[in-house]
>>> print(open('coords-v1.tsv').read())   # TSV, C-alpha atoms (C1' of nucleotides)
chain	number	residue	atom	x	y	z
A	1	MET	CA	-18.79	-1.24	-16.59
A	2	PRO	CA	-20.86	1.92	-17.21
A	3	THR	CA	-20.84	3.25	-20.75
A	4	GLU	CA	-22.47	6.52	-19.76
A	5	LEU	CA	-21.85	8.71	-16.73
A	6	ARG	CA	-24.82	10.06	-14.80
A	7	TYR	CA	-25.20	12.74	-12.23
A	8	SER	CA	-25.16	11.70	-8.61
A	9	ARG	CA	-25.50	13.89	-5.56
A	10	GLN	CA	-22.88	11.84	-3.72
A	11	ARG	CA	-20.28	12.22	-6.44
A	12	ALA	CA	-20.98	15.94	-6.76
A	13	ALA	CA	-20.63	16.37	-3.00
A	14	ILE	CA	-17.39	14.39	-2.90
A	15	TRP	CA	-15.95	16.52	-5.66
A	16	GLU	CA	-17.10	19.75	-4.03
A	17	TRP	CA	-15.61	18.69	-0.72
A	18	ILE	CA	-12.27	17.54	-2.07
A	19	ARG	CA	-11.68	19.95	-4.94
A	20	ASN	CA	-10.06	22.70	-2.88
A	21	ARG	CA	-8.36	20.49	-0.33
A	22	ARG	CA	-4.61	20.59	-0.07
A	23	ASP	CA	-4.22	17.88	2.54
A	24	HIS	CA	-4.52	14.81	0.31
A	25	PRO	CA	-7.51	13.17	1.95
A	26	THR	CA	-7.91	9.42	2.17
A	27	ALA	CA	-11.13	7.68	1.18
A	28	ASP	CA	-11.99	7.27	4.83
A	29	GLU	CA	-11.51	10.96	5.53
A	30	VAL	CA	-13.89	11.80	2.70
A	31	TYR	CA	-16.32	9.27	4.09
A	32	VAL	CA	-16.24	10.62	7.63
A	33	ALA	CA	-16.60	14.22	6.44
A	34	LEU	CA	-19.54	13.58	4.12
A	35	ARG	CA	-21.40	11.31	6.51
A	36	GLU	CA	-22.83	14.41	8.14
A	37	GLN	CA	-24.40	15.43	4.87
A	38	PHE	CA	-25.28	11.85	3.81
A	39	PRO	CA	-25.89	9.78	6.94
A	40	HIS	CA	-26.33	6.62	4.86
A	41	LEU	CA	-23.24	7.20	2.73
A	42	SER	CA	-21.26	4.07	2.07
A	43	LEU	CA	-17.48	3.84	2.04
A	44	ALA	CA	-17.82	1.78	-1.13
A	45	THR	CA	-19.56	4.69	-2.81
A	46	VAL	CA	-16.74	6.97	-1.79
A	47	TYR	CA	-14.14	4.60	-3.24
A	48	ARG	CA	-16.12	4.16	-6.45
A	49	ASN	CA	-16.48	7.88	-6.94
A	50	LEU	CA	-12.89	8.67	-6.10
A	51	MET	CA	-12.01	6.17	-8.83
A	52	VAL	CA	-14.41	7.80	-11.28
A	53	LEU	CA	-12.99	11.24	-10.54
A	54	SER	CA	-9.49	9.88	-10.96
A	55	ASP	CA	-10.42	8.31	-14.29
A	56	GLN	CA	-11.80	11.69	-15.31
A	57	GLY	CA	-8.46	13.24	-14.48
A	58	LYS	CA	-9.93	15.47	-11.80
A	59	LEU	CA	-8.06	13.72	-9.03
A	60	ARG	CA	-4.78	11.95	-8.79
A	61	PRO	CA	-4.25	9.03	-6.44
A	62	VAL	CA	-1.06	9.46	-4.47
A	63	VAL	CA	0.73	6.66	-2.69
A	64	ALA	CA	3.06	8.45	-0.34
A	65	GLY	CA	4.83	5.57	1.31
A	66	ASP	CA	2.29	4.66	3.93
A	67	LYS	CA	-0.25	2.11	2.85
A	68	VAL	CA	-3.27	4.32	2.32
A	69	THR	CA	-4.14	5.85	-0.99
A	70	ARG	CA	-4.65	9.58	-0.86
A	71	PHE	CA	-6.42	11.69	-3.44
A	72	ASP	CA	-5.07	14.95	-4.72
A	73	PRO	CA	-7.16	17.49	-6.66
A	74	ASN	CA	-3.97	19.22	-7.72
A	75	THR	CA	-3.17	17.45	-10.97
A	76	ALA	CA	-0.37	19.79	-11.99
A	77	GLU	CA	3.09	18.32	-11.67
A	78	HIS	CA	4.35	18.49	-8.13
A	79	GLN	CA	5.84	16.14	-5.59
A	80	HIS	CA	5.01	15.09	-2.04
A	81	PHE	CA	6.73	15.23	1.30
A	82	ARG	CA	5.42	12.91	3.98
A	83	CYS	CA	6.18	13.53	7.62
A	84	THR	CA	7.19	10.23	9.17
A	85	ARG	CA	5.99	11.46	12.57
A	86	CYS	CA	2.50	12.75	11.89
A	87	GLY	CA	1.86	11.19	8.49
A	88	ARG	CA	0.77	14.42	6.87
A	89	VAL	CA	1.60	14.89	3.22
A	90	PHE	CA	2.77	18.26	1.94
A	91	ASP	CA	3.07	19.51	-1.62
A	92	VAL	CA	6.52	20.34	-2.92
A	93	GLU	CA	7.32	22.08	-6.17
A	94	ALA	CA	10.31	20.39	-7.76
A	95	PRO	CA	10.40	21.11	-11.47
A	96	GLU	CA	14.17	20.47	-11.56
A	97	VAL	CA	13.58	16.92	-10.38
A	98	GLY	CA	10.94	16.42	-13.04
A	99	ARG	CA	13.39	17.66	-15.64
A	100	ALA	CA	16.12	15.34	-14.36
A	101	VAL	CA	13.70	12.42	-14.50
A	102	ARG	CA	12.66	13.14	-18.07
A	103	ARG	CA	16.28	13.44	-19.08
A	104	LEU	CA	17.00	9.95	-17.69
A	105	ASP	CA	18.37	7.39	-20.07
A	106	LEU	CA	16.39	4.28	-19.26
A	107	GLY	CA	18.44	2.20	-21.65
A	108	THR	CA	16.75	-1.11	-22.36
A	109	VAL	CA	14.52	-0.97	-19.31
A	110	GLY	CA	11.44	0.47	-20.98
A	111	THR	CA	9.43	3.55	-21.83
A	112	LEU	CA	8.52	6.02	-19.13
A	113	THR	CA	4.86	7.04	-18.84
A	114	ASP	CA	4.73	8.44	-15.34
A	115	PHE	CA	6.70	8.86	-12.16
A	116	SER	CA	6.24	9.83	-8.57
A	117	LEU	CA	8.70	11.18	-6.08
A	118	CYS	CA	8.02	10.75	-2.42
A	119	LEU	CA	10.14	12.77	-0.04
A	120	GLU	CA	10.27	11.71	3.58
A	121	GLY	CA	11.28	13.49	6.70
A	122	VAL	CA	10.05	15.39	9.68
A	123	CYS	CA	7.79	18.36	9.12
A	124	THR	CA	8.47	21.68	10.79
A	125	ALA	CA	5.67	21.30	13.33
A	126	CYS	CA	6.84	17.86	14.42
A	127	ALA	CA	10.46	19.01	14.57
A	128	GLN	CA	9.44	21.83	16.92
A	129	ALA	CA	7.43	19.46	19.08
A	130	LEU	CA	10.42	17.13	19.34
A	131	GLU	CA	12.75	20.00	20.11
A	132	ALA	CA	10.46	21.11	22.92
A	133	ARG	CA	10.74	17.63	24.42
A	134	GLY	CA	14.51	17.80	24.13
A	135	ASP	CA	14.74	14.98	21.61
A	136	ALA	CA	17.46	15.00	19.03
A	137	LEU	CA	16.31	15.75	15.53
A	138	ALA	CA	16.85	13.18	12.85
A	139	PRO	CA	19.89	14.38	10.94
A	140	GLY	CA	19.19	15.76	7.47
A	141	MET	CA	20.48	14.05	4.35
B	142	MET	CA	10.50	-6.12	21.68
B	143	PRO	CA	13.67	-8.24	21.72
B	144	THR	CA	16.68	-6.63	23.37
B	145	GLU	CA	19.08	-9.20	21.98
B	146	LEU	CA	19.13	-10.80	18.57
B	147	ARG	CA	19.62	-14.56	18.32
B	148	TYR	CA	20.49	-16.81	15.48
B	149	SER	CA	17.68	-18.50	13.63
B	150	ARG	CA	17.92	-20.90	10.73
B	151	GLN	CA	14.90	-19.33	9.10
B	152	ARG	CA	16.31	-15.83	9.20
B	153	ALA	CA	19.67	-17.01	7.89
B	154	ALA	CA	17.97	-18.86	5.04
B	155	ILE	CA	15.82	-15.87	4.15
B	156	TRP	CA	18.89	-13.65	4.03
B	157	GLU	CA	20.87	-16.16	1.98
B	158	TRP	CA	18.00	-16.52	-0.46
B	159	ILE	CA	17.30	-12.83	-0.89
B	160	ARG	CA	20.77	-11.30	-0.62
B	161	ASN	CA	21.72	-11.72	-4.26
B	162	ARG	CA	18.29	-11.25	-5.76
B	163	ARG	CA	17.74	-8.37	-8.11
B	164	ASP	CA	14.03	-8.88	-8.65
B	165	HIS	CA	12.72	-7.23	-5.47
B	166	PRO	CA	10.86	-10.19	-3.99
B	167	THR	CA	7.68	-9.85	-1.99
B	168	ALA	CA	7.19	-11.55	1.37
B	169	ASP	CA	5.03	-14.15	-0.30
B	170	GLU	CA	7.67	-14.92	-2.91
B	171	VAL	CA	10.21	-15.50	-0.15
B	172	TYR	CA	7.69	-17.68	1.63
B	173	VAL	CA	6.92	-19.83	-1.41
B	174	ALA	CA	10.59	-20.25	-2.27
B	175	LEU	CA	11.69	-21.24	1.23
B	176	ARG	CA	8.80	-23.56	1.91
B	177	GLU	CA	10.70	-26.27	0.07
B	178	GLN	CA	13.50	-25.98	2.57
B	179	PHE	CA	11.21	-25.37	5.57
B	180	PRO	CA	7.90	-27.11	4.92
B	181	HIS	CA	6.42	-25.66	8.12
B	182	LEU	CA	7.62	-22.13	7.47
B	183	SER	CA	5.10	-19.48	8.35
B	184	LEU	CA	4.41	-16.36	6.36
B	185	ALA	CA	4.40	-14.47	9.66
B	186	THR	CA	7.98	-15.60	10.26
B	187	VAL	CA	8.95	-14.33	6.84
B	188	TYR	CA	7.39	-10.94	7.51
B	189	ARG	CA	9.00	-10.70	10.93
B	190	ASN	CA	12.43	-11.53	9.58
B	191	LEU	CA	12.15	-9.24	6.60
B	192	MET	CA	11.41	-6.51	9.12
B	193	VAL	CA	14.42	-7.48	11.24
B	194	LEU	CA	16.70	-7.48	8.20
B	195	SER	CA	15.31	-4.11	7.17
B	196	ASP	CA	15.92	-2.72	10.65
B	197	GLN	CA	19.47	-4.03	10.40
B	198	GLY	CA	19.87	-2.10	7.17
B	199	LYS	CA	20.49	-5.24	5.11
B	200	LEU	CA	17.28	-4.83	3.16
B	201	ARG	CA	15.26	-1.91	2.02
B	202	PRO	CA	11.48	-2.11	1.71
B	203	VAL	CA	10.36	-0.69	-1.59
B	204	VAL	CA	6.83	0.44	-2.29
B	205	ALA	CA	6.70	0.66	-6.05
B	206	GLY	CA	3.15	1.79	-6.62
B	207	ASP	CA	1.38	-1.54	-6.51
B	208	LYS	CA	0.08	-2.52	-3.11
B	209	VAL	CA	2.68	-5.09	-2.11
B	210	THR	CA	5.87	-4.29	-0.28
B	211	ARG	CA	8.99	-5.58	-1.98
B	212	PHE	CA	12.38	-6.07	-0.37
B	213	ASP	CA	15.61	-5.01	-1.95
B	214	PRO	CA	19.03	-6.21	-0.81
B	215	ASN	CA	20.63	-3.43	-2.82
B	216	THR	CA	20.82	-0.64	-0.28
B	217	ALA	CA	22.96	1.63	-2.42
B	218	GLU	CA	21.13	4.63	-3.84
B	219	HIS	CA	19.16	3.70	-6.91
B	220	GLN	CA	15.63	4.08	-8.16
B	221	HIS	CA	12.92	1.76	-9.45
B	222	PHE	CA	10.98	1.36	-12.66
B	223	ARG	CA	7.77	-0.63	-12.45
B	224	CYS	CA	6.21	-2.06	-15.58
B	225	THR	CA	2.49	-1.36	-15.45
B	226	ARG	CA	1.84	-4.41	-17.63
B	227	CYS	CA	3.76	-7.20	-15.92
B	228	GLY	CA	4.38	-5.59	-12.55
B	229	ARG	CA	8.10	-6.32	-12.56
B	230	VAL	CA	10.35	-3.79	-10.87
B	231	PHE	CA	13.68	-2.87	-12.43
B	232	ASP	CA	16.62	-1.03	-10.94
B	233	VAL	CA	17.54	2.30	-12.45
B	234	GLU	CA	20.65	4.31	-11.70
B	235	ALA	CA	19.72	7.96	-11.48
B	236	PRO	CA	22.35	9.86	-9.53
B	237	GLU	CA	21.36	13.13	-11.24
B	238	VAL	CA	17.88	12.80	-9.79
B	239	GLY	CA	19.29	12.15	-6.35
B	240	ARG	CA	21.42	15.26	-6.69
B	241	ALA	CA	18.43	17.33	-7.80
B	242	VAL	CA	16.44	16.05	-4.83
B	243	ARG	CA	19.15	16.94	-2.33
B	244	ARG	CA	19.42	20.39	-3.85
B	245	LEU	CA	15.71	21.00	-3.28
B	246	ASP	CA	14.73	23.90	-1.13
B	247	LEU	CA	12.02	22.52	1.09
B	248	GLY	CA	11.34	25.91	2.62
B	249	THR	CA	9.25	25.57	5.77
B	250	VAL	CA	7.99	22.11	4.94
B	251	GLY	CA	10.52	20.14	6.95
B	252	THR	CA	13.79	18.26	6.98
B	253	LEU	CA	14.47	15.57	4.40
B	254	THR	CA	15.64	12.19	5.68
B	255	ASP	CA	14.89	9.95	2.74
B	256	PHE	CA	13.20	9.84	-0.63
B	257	SER	CA	12.06	7.36	-3.21
B	258	LEU	CA	11.45	7.76	-6.88
B	259	CYS	CA	9.16	5.35	-8.63
B	260	LEU	CA	9.23	5.39	-12.40
B	261	GLU	CA	6.35	3.82	-14.26
B	262	GLY	CA	5.98	2.63	-17.79
B	263	VAL	CA	6.09	-0.37	-20.04
B	264	CYS	CA	9.17	-2.55	-19.97
B	265	THR	CA	10.92	-3.58	-23.18
B	266	ALA	CA	9.62	-7.14	-23.07
B	267	CYS	CA	6.00	-6.03	-22.64
B	268	ALA	CA	6.39	-3.37	-25.33
B	269	GLN	CA	7.58	-6.02	-27.78
B	270	ALA	CA	4.72	-8.35	-26.85
B	271	LEU	CA	2.25	-5.53	-27.44
B	272	GLU	CA	3.87	-4.61	-30.72
B	273	ALA	CA	3.63	-8.22	-31.89
B	274	ARG	CA	-0.12	-8.06	-31.18
B	275	GLY	CA	-0.34	-4.84	-33.18
B	276	ASP	CA	-1.34	-2.71	-30.19
B	277	ALA	CA	-0.30	0.88	-30.03
B	278	LEU	CA	2.36	1.62	-27.46
B	279	ALA	CA	1.60	4.05	-24.71
B	280	PRO	CA	3.26	7.30	-25.76
B	281	GLY	CA	6.35	8.25	-23.80
B	282	MET	CA	6.47	11.37	-21.65
C	283	DA	C1'	-37.86	1.57	-19.46
C	284	DT	C1'	-33.25	1.16	-19.05
C	285	DA	C1'	-28.99	1.68	-17.48
C	286	DC	C1'	-26.21	3.62	-13.93
C	287	DG	C1'	-25.47	4.73	-8.88
C	288	DT	C1'	-26.16	3.45	-4.07
C	289	DG	C1'	-25.95	1.06	0.44
C	290	DC	C1'	-25.01	-2.92	2.74
C	291	DA	C1'	-22.46	-6.85	3.76
C	292	DA	C1'	-19.32	-10.02	2.46
C	293	DA	C1'	-15.01	-11.04	0.27
C	294	DC	C1'	-10.43	-9.89	-0.75
C	295	DG	C1'	-5.17	-9.61	-0.39
C	296	DT	C1'	-1.62	-8.03	2.44
C	297	DT	C1'	0.27	-7.50	6.79
C	298	DT	C1'	0.12	-7.89	11.88
C	299	DT	C1'	-0.74	-10.00	16.33
C	300	DG	C1'	-1.75	-13.35	20.30
C	301	DC	C1'	-0.44	-17.34	22.05
C	302	DA	C1'	1.64	-21.85	23.18
C	303	DC	C1'	5.60	-24.35	21.99
C	304	DA	C1'	10.53	-24.67	20.40
C	305	DT	C1'	15.16	-23.09	20.43
C	306	DA	C1'	19.48	-20.22	21.19
C	307	DC	C1'	22.15	-18.60	24.57
D	308	DG	C1'	16.55	-21.07	32.89
D	309	DT	C1'	15.15	-17.30	30.36
D	310	DA	C1'	14.41	-14.46	26.58
D	311	DT	C1'	13.88	-14.73	21.77
D	312	DG	C1'	12.07	-17.11	17.57
D	313	DT	C1'	8.54	-20.03	15.46
D	314	DG	C1'	4.10	-21.83	13.61
D	315	DC	C1'	-0.55	-21.47	13.56
D	316	DA	C1'	-4.76	-19.15	13.50
D	317	DA	C1'	-7.16	-15.16	13.92
D	318	DA	C1'	-7.44	-10.36	13.54
D	319	DA	C1'	-6.60	-6.06	11.42
D	320	DC	C1'	-6.50	-3.06	7.68
D	321	DG	C1'	-7.52	-0.78	3.32
D	322	DT	C1'	-9.96	-1.83	-0.64
D	323	DT	C1'	-13.13	-4.26	-3.88
D	324	DT	C1'	-17.24	-6.77	-5.25
D	325	DG	C1'	-22.09	-8.95	-5.51
D	326	DC	C1'	-26.51	-7.89	-5.20
D	327	DA	C1'	-31.09	-5.84	-4.53
D	328	DC	C1'	-32.95	-1.41	-4.51
D	329	DG	C1'	-32.99	3.55	-5.87
D	330	DT	C1'	-32.66	7.17	-9.32
D	331	DA	C1'	-31.19	9.91	-13.51
D	332	DT	C1'	-31.98	9.97	-18.09
>>> encode(input="coords-v1.tsv", output="structure tokens")
Amino acid sequence: MPTELRYSRQRAAIWEWIRNRRDHPTADEVYVALREQFPHLSLATVYRNLMVLSDQGKLRPVVAGDKVTRFDPNTAEHQHFRCTRCGRVFDVEAPEVGRAVRRLDLGTVGTLTDFSLCLEGVCTACAQALEARGDALAPGM
Amino acid sequence: MPTELRYSRQRAAIWEWIRNRRDHPTADEVYVALREQFPHLSLATVYRNLMVLSDQGKLRPVVAGDKVTRFDPNTAEHQHFRCTRCGRVFDVEAPEVGRAVRRLDLGTVGTLTDFSLCLEGVCTACAQALEARGDALAPGM
DNA sequence: ATACGTGCAAACGTTTTGCACATAC
DNA sequence: GTATGTGCAAAACGTTTGCACGTAT
């Protein structure tokens, strides 16, 4: 385990590429995108650096219900909505939910350090596509 | 894909074993437990039947932040607390959070069909073990 | 000079799938 | 008899690791 953190062009490029993204890229998406700039880039390097950036608090890993880990440069409190049709993950502001969570009485269960809310449904684009095909929409909650 | 559903001793045994569990077993835990009764049981069979039972609405897959899928026979609305030390998953009643979620204005994002809240922290047992060792507890939120 | 970072390939753990055989209906 | 369920092995998948080489400090 490194005791000191050094500069690396790959890490800098990964951060530059992901820092303004709002689409919660996966490691593989980072890899594919940066392969143009670094033809010999390794997926392992991408994973290692995404972990480093997460440890630094610059990224937040998000597990949105599918099995891939996504990485979010927006570290402010917010929640995620995943479209079950297209898999895309959207940001949702839900401060009231955060407040309700922090007000929870966990009783003897334990001490809360973090939480994540994953909303699921059909995004507007997919709903329109389904409508065009004449399919019934999934009923809302 | 089957059009008709037939009886199978394995599926019945899996359901009997899991139906009153409150510890959110993984497929492998089901497999290990039922191997005594069915020495030739296959993990694939367990996965297939857990999927069938989930499709039937008797189980609910829960993804609690670690990478394994757990299966919960409690299909009533409730949330989960995962201890980051021991990995155990506890049930938490949080109707106020559910209400806050359903009140959310998703704007143009899409239509909500489901949601899951995963709380994280240190369970009481682990906190006591840490305290006994003199370690500092992770600060609450 | 000494770590730390990289690329590659191999390993890993979980979940899925293809296939021949067994079983419910 | 026929479709569904099973066991086994292999594949698939996302992710991690071991190692020799490269590079920042």
>>> residues_around(input="coords-v1.tsv", residues="B:Gly228", least_positions_apart="2", cutoff="10 Å", atoms="only C-alpha atoms (C1' of nucleotides)", output="ChimeraX atom specification")
/B:205-207,222-226,230-231,261-264
>>> interface_residues(input="coords-v1.tsv", of="chain A", to="chain D", cutoff="7 Å", atoms="only C-alpha atoms (C1' of nucleotides)", output="VMD selection string")
chain A and resid 6 to 7 68
>>> residues_near_point(input="coords-v1.tsv", point="(-24.9, 2.0, -13.6)", cutoff="9 Å", atoms="only C-alpha atoms (C1' of nucleotides)", output="MDAnalysis selection string")
(chainID A and resid 1:6) or (chainID C and resid 285:287)
>>> residues_around(input="coords-v1.tsv", residues="A:Tyr31", least_positions_apart="3", cutoff="8 Å", atoms="all atoms listed in the file", output="PyMOL selection string")
chain A and resi 27-28+34-35+41-43+46
>>> interface_residues(input="coords-v1.tsv", of="chain C", to="chain B", cutoff="9 Å", atoms="all atoms listed in the file", output="list in words")
DT296, DT297, DT298, DT305, DA306 and DC307 of chain C
>>> interface_residues(input="coords-v1.tsv", of="chain B", to="chain A", cutoff="8 Å", atoms="all atoms listed in the file", output="PDB file with C-alpha atoms, in the frame of the given file")
ATOM      1  CA  VAL B 204       6.830   0.440  -2.290  1.00  0.00           C
ATOM      2  CA  GLY B 206       3.150   1.790  -6.620  1.00  0.00           C
ATOM      3  CA  LYS B 208       0.080  -2.520  -3.110  1.00  0.00           C
ATOM      4  CA  PHE B 222      10.980   1.360 -12.660  1.00  0.00           C
ATOM      5  CA  CYS B 224       6.210  -2.060 -15.580  1.00  0.00           C
ATOM      6  CA  PHE B 231      13.680  -2.870 -12.430  1.00  0.00           C
ATOM      7  CA  VAL B 233      17.540   2.300 -12.450  1.00  0.00           C
ATOM      8  CA  ALA B 235      19.720   7.960 -11.480  1.00  0.00           C
ATOM      9  CA  GLU B 237      21.360  13.130 -11.240  1.00  0.00           C
ATOM     10  CA  VAL B 238      17.880  12.800  -9.790  1.00  0.00           C
ATOM     11  CA  ALA B 241      18.430  17.330  -7.800  1.00  0.00           C
ATOM     12  CA  VAL B 242      16.440  16.050  -4.830  1.00  0.00           C
ATOM     13  CA  ARG B 243      19.150  16.940  -2.330  1.00  0.00           C
ATOM     14  CA  LEU B 245      15.710  21.000  -3.280  1.00  0.00           C
ATOM     15  CA  LEU B 247      12.020  22.520   1.090  1.00  0.00           C
ATOM     16  CA  THR B 249       9.250  25.570   5.770  1.00  0.00           C
ATOM     17  CA  VAL B 250       7.990  22.110   4.940  1.00  0.00           C
ATOM     18  CA  GLY B 251      10.520  20.140   6.950  1.00  0.00           C
ATOM     19  CA  THR B 252      13.790  18.260   6.980  1.00  0.00           C
ATOM     20  CA  LEU B 253      14.470  15.570   4.400  1.00  0.00           C
ATOM     21  CA  THR B 254      15.640  12.190   5.680  1.00  0.00           C
ATOM     22  CA  ASP B 255      14.890   9.950   2.740  1.00  0.00           C
ATOM     23  CA  PHE B 256      13.200   9.840  -0.630  1.00  0.00           C
ATOM     24  CA  SER B 257      12.060   7.360  -3.210  1.00  0.00           C
ATOM     25  CA  LEU B 258      11.450   7.760  -6.880  1.00  0.00           C
ATOM     26  CA  CYS B 259       9.160   5.350  -8.630  1.00  0.00           C
ATOM     27  CA  LEU B 260       9.230   5.390 -12.400  1.00  0.00           C
ATOM     28  CA  GLU B 261       6.350   3.820 -14.260  1.00  0.00           C
ATOM     29  CA  GLY B 262       5.980   2.630 -17.790  1.00  0.00           C
ATOM     30  CA  VAL B 263       6.090  -0.370 -20.040  1.00  0.00           C
ATOM     31  CA  CYS B 264       9.170  -2.550 -19.970  1.00  0.00           C
ATOM     32  CA  THR B 265      10.920  -3.580 -23.180  1.00  0.00           C
ATOM     33  CA  ALA B 268       6.390  -3.370 -25.330  1.00  0.00           C
ATOM     34  CA  ALA B 279       1.600   4.050 -24.710  1.00  0.00           C
ATOM     35  CA  PRO B 280       3.260   7.300 -25.760  1.00  0.00           C
ATOM     36  CA  GLY B 281       6.350   8.250 -23.800  1.00  0.00           C
ATOM     37  CA  MET B 282       6.470  11.370 -21.650  1.00  0.00           C
TER      38      MET B 282
END
>>> atom_distance(input="coords-v1.tsv", atom1="atom CA of B:Ser195", atom2="atom CA of B:Phe179")
21.7 Å
>>> atom_distance(input="coords-v1.tsv", atom1="atom CA of A:Arg9", atom2="atom CA of A:Arg60")
21.1 Å
>>> atom_distance(input="coords-v1.tsv", atom1="atom CA of A:Pro73", atom2="atom CA of A:Lys58")
6.2 Å
>>> residues_around(input="coords-v1.tsv", residues="A:Leu59", least_positions_apart="4", cutoff="7 Å", atoms="all atoms listed in the file", output="number ranges by chain")
A: 53-54, 71-75
>>> build_atoms(input="coords-v1.tsv", residues="stretch 78-91 of chain A", atoms="N, CA, C and O atoms", output="JSON list (two decimals), in the frame of the given file")
[["chain", "number", "residue", "atom", "x", "y", "z"],
["A", 78, "HIS", "N", 3.72, 18.10, -9.40],
["A", 78, "HIS", "CA", 4.35, 18.49, -8.13],
["A", 78, "HIS", "C", 4.64, 17.22, -7.37],
["A", 78, "HIS", "O", 4.16, 16.15, -7.72],
["A", 79, "GLN", "N", 5.45, 17.34, -6.33],
["A", 79, "GLN", "CA", 5.84, 16.14, -5.59],
["A", 79, "GLN", "C", 5.31, 16.21, -4.15],
["A", 79, "GLN", "O", 4.69, 17.20, -3.78],
["A", 80, "HIS", "N", 5.56, 15.16, -3.39],
["A", 80, "HIS", "CA", 5.01, 15.09, -2.04],
["A", 80, "HIS", "C", 6.08, 14.81, -0.99],
["A", 80, "HIS", "O", 7.02, 14.06, -1.23],
["A", 81, "PHE", "N", 5.87, 15.42, 0.14],
["A", 81, "PHE", "CA", 6.73, 15.23, 1.30],
["A", 81, "PHE", "C", 5.85, 14.66, 2.41],
["A", 81, "PHE", "O", 4.86, 15.27, 2.78],
["A", 82, "ARG", "N", 6.21, 13.51, 2.90],
["A", 82, "ARG", "CA", 5.42, 12.91, 3.98],
["A", 82, "ARG", "C", 6.19, 12.96, 5.27],
["A", 82, "ARG", "O", 7.36, 12.54, 5.33],
["A", 83, "CYS", "N", 5.56, 13.48, 6.30],
["A", 83, "CYS", "CA", 6.18, 13.53, 7.62],
["A", 83, "CYS", "C", 6.06, 12.15, 8.25],
["A", 83, "CYS", "O", 4.96, 11.61, 8.40],
["A", 84, "THR", "N", 7.20, 11.59, 8.62],
["A", 84, "THR", "CA", 7.19, 10.23, 9.17],
["A", 84, "THR", "C", 6.67, 10.21, 10.61],
["A", 84, "THR", "O", 6.41, 9.15, 11.15],
["A", 85, "ARG", "N", 6.52, 11.40, 11.20],
["A", 85, "ARG", "CA", 5.99, 11.46, 12.57],
["A", 85, "ARG", "C", 4.47, 11.54, 12.56],
["A", 85, "ARG", "O", 3.79, 10.76, 13.18],
["A", 86, "CYS", "N", 3.95, 12.52, 11.83],
["A", 86, "CYS", "CA", 2.50, 12.75, 11.89],
["A", 86, "CYS", "C", 1.77, 12.19, 10.68],
["A", 86, "CYS", "O", 0.54, 12.12, 10.67],
["A", 87, "GLY", "N", 2.51, 11.79, 9.66],
["A", 87, "GLY", "CA", 1.86, 11.19, 8.49],
["A", 87, "GLY", "C", 1.30, 12.17, 7.49],
["A", 87, "GLY", "O", 0.82, 11.76, 6.43],
["A", 88, "ARG", "N", 1.32, 13.45, 7.82],
["A", 88, "ARG", "CA", 0.77, 14.42, 6.87],
["A", 88, "ARG", "C", 1.59, 14.49, 5.60],
["A", 88, "ARG", "O", 2.80, 14.26, 5.63],
["A", 89, "VAL", "N", 0.93, 14.82, 4.52],
["A", 89, "VAL", "CA", 1.60, 14.89, 3.22],
["A", 89, "VAL", "C", 1.53, 16.33, 2.71],
["A", 89, "VAL", "O", 0.45, 16.90, 2.64],
["A", 90, "PHE", "N", 2.69, 16.88, 2.39],
["A", 90, "PHE", "CA", 2.77, 18.26, 1.94],
["A", 90, "PHE", "C", 3.16, 18.30, 0.46],
["A", 90, "PHE", "O", 3.90, 17.44, -0.01],
["A", 91, "ASP", "N", 2.68, 19.31, -0.22],
["A", 91, "ASP", "CA", 3.07, 19.51, -1.62],
["A", 91, "ASP", "C", 4.44, 20.17, -1.70],
["A", 91, "ASP", "O", 4.75, 21.05, -0.90]]
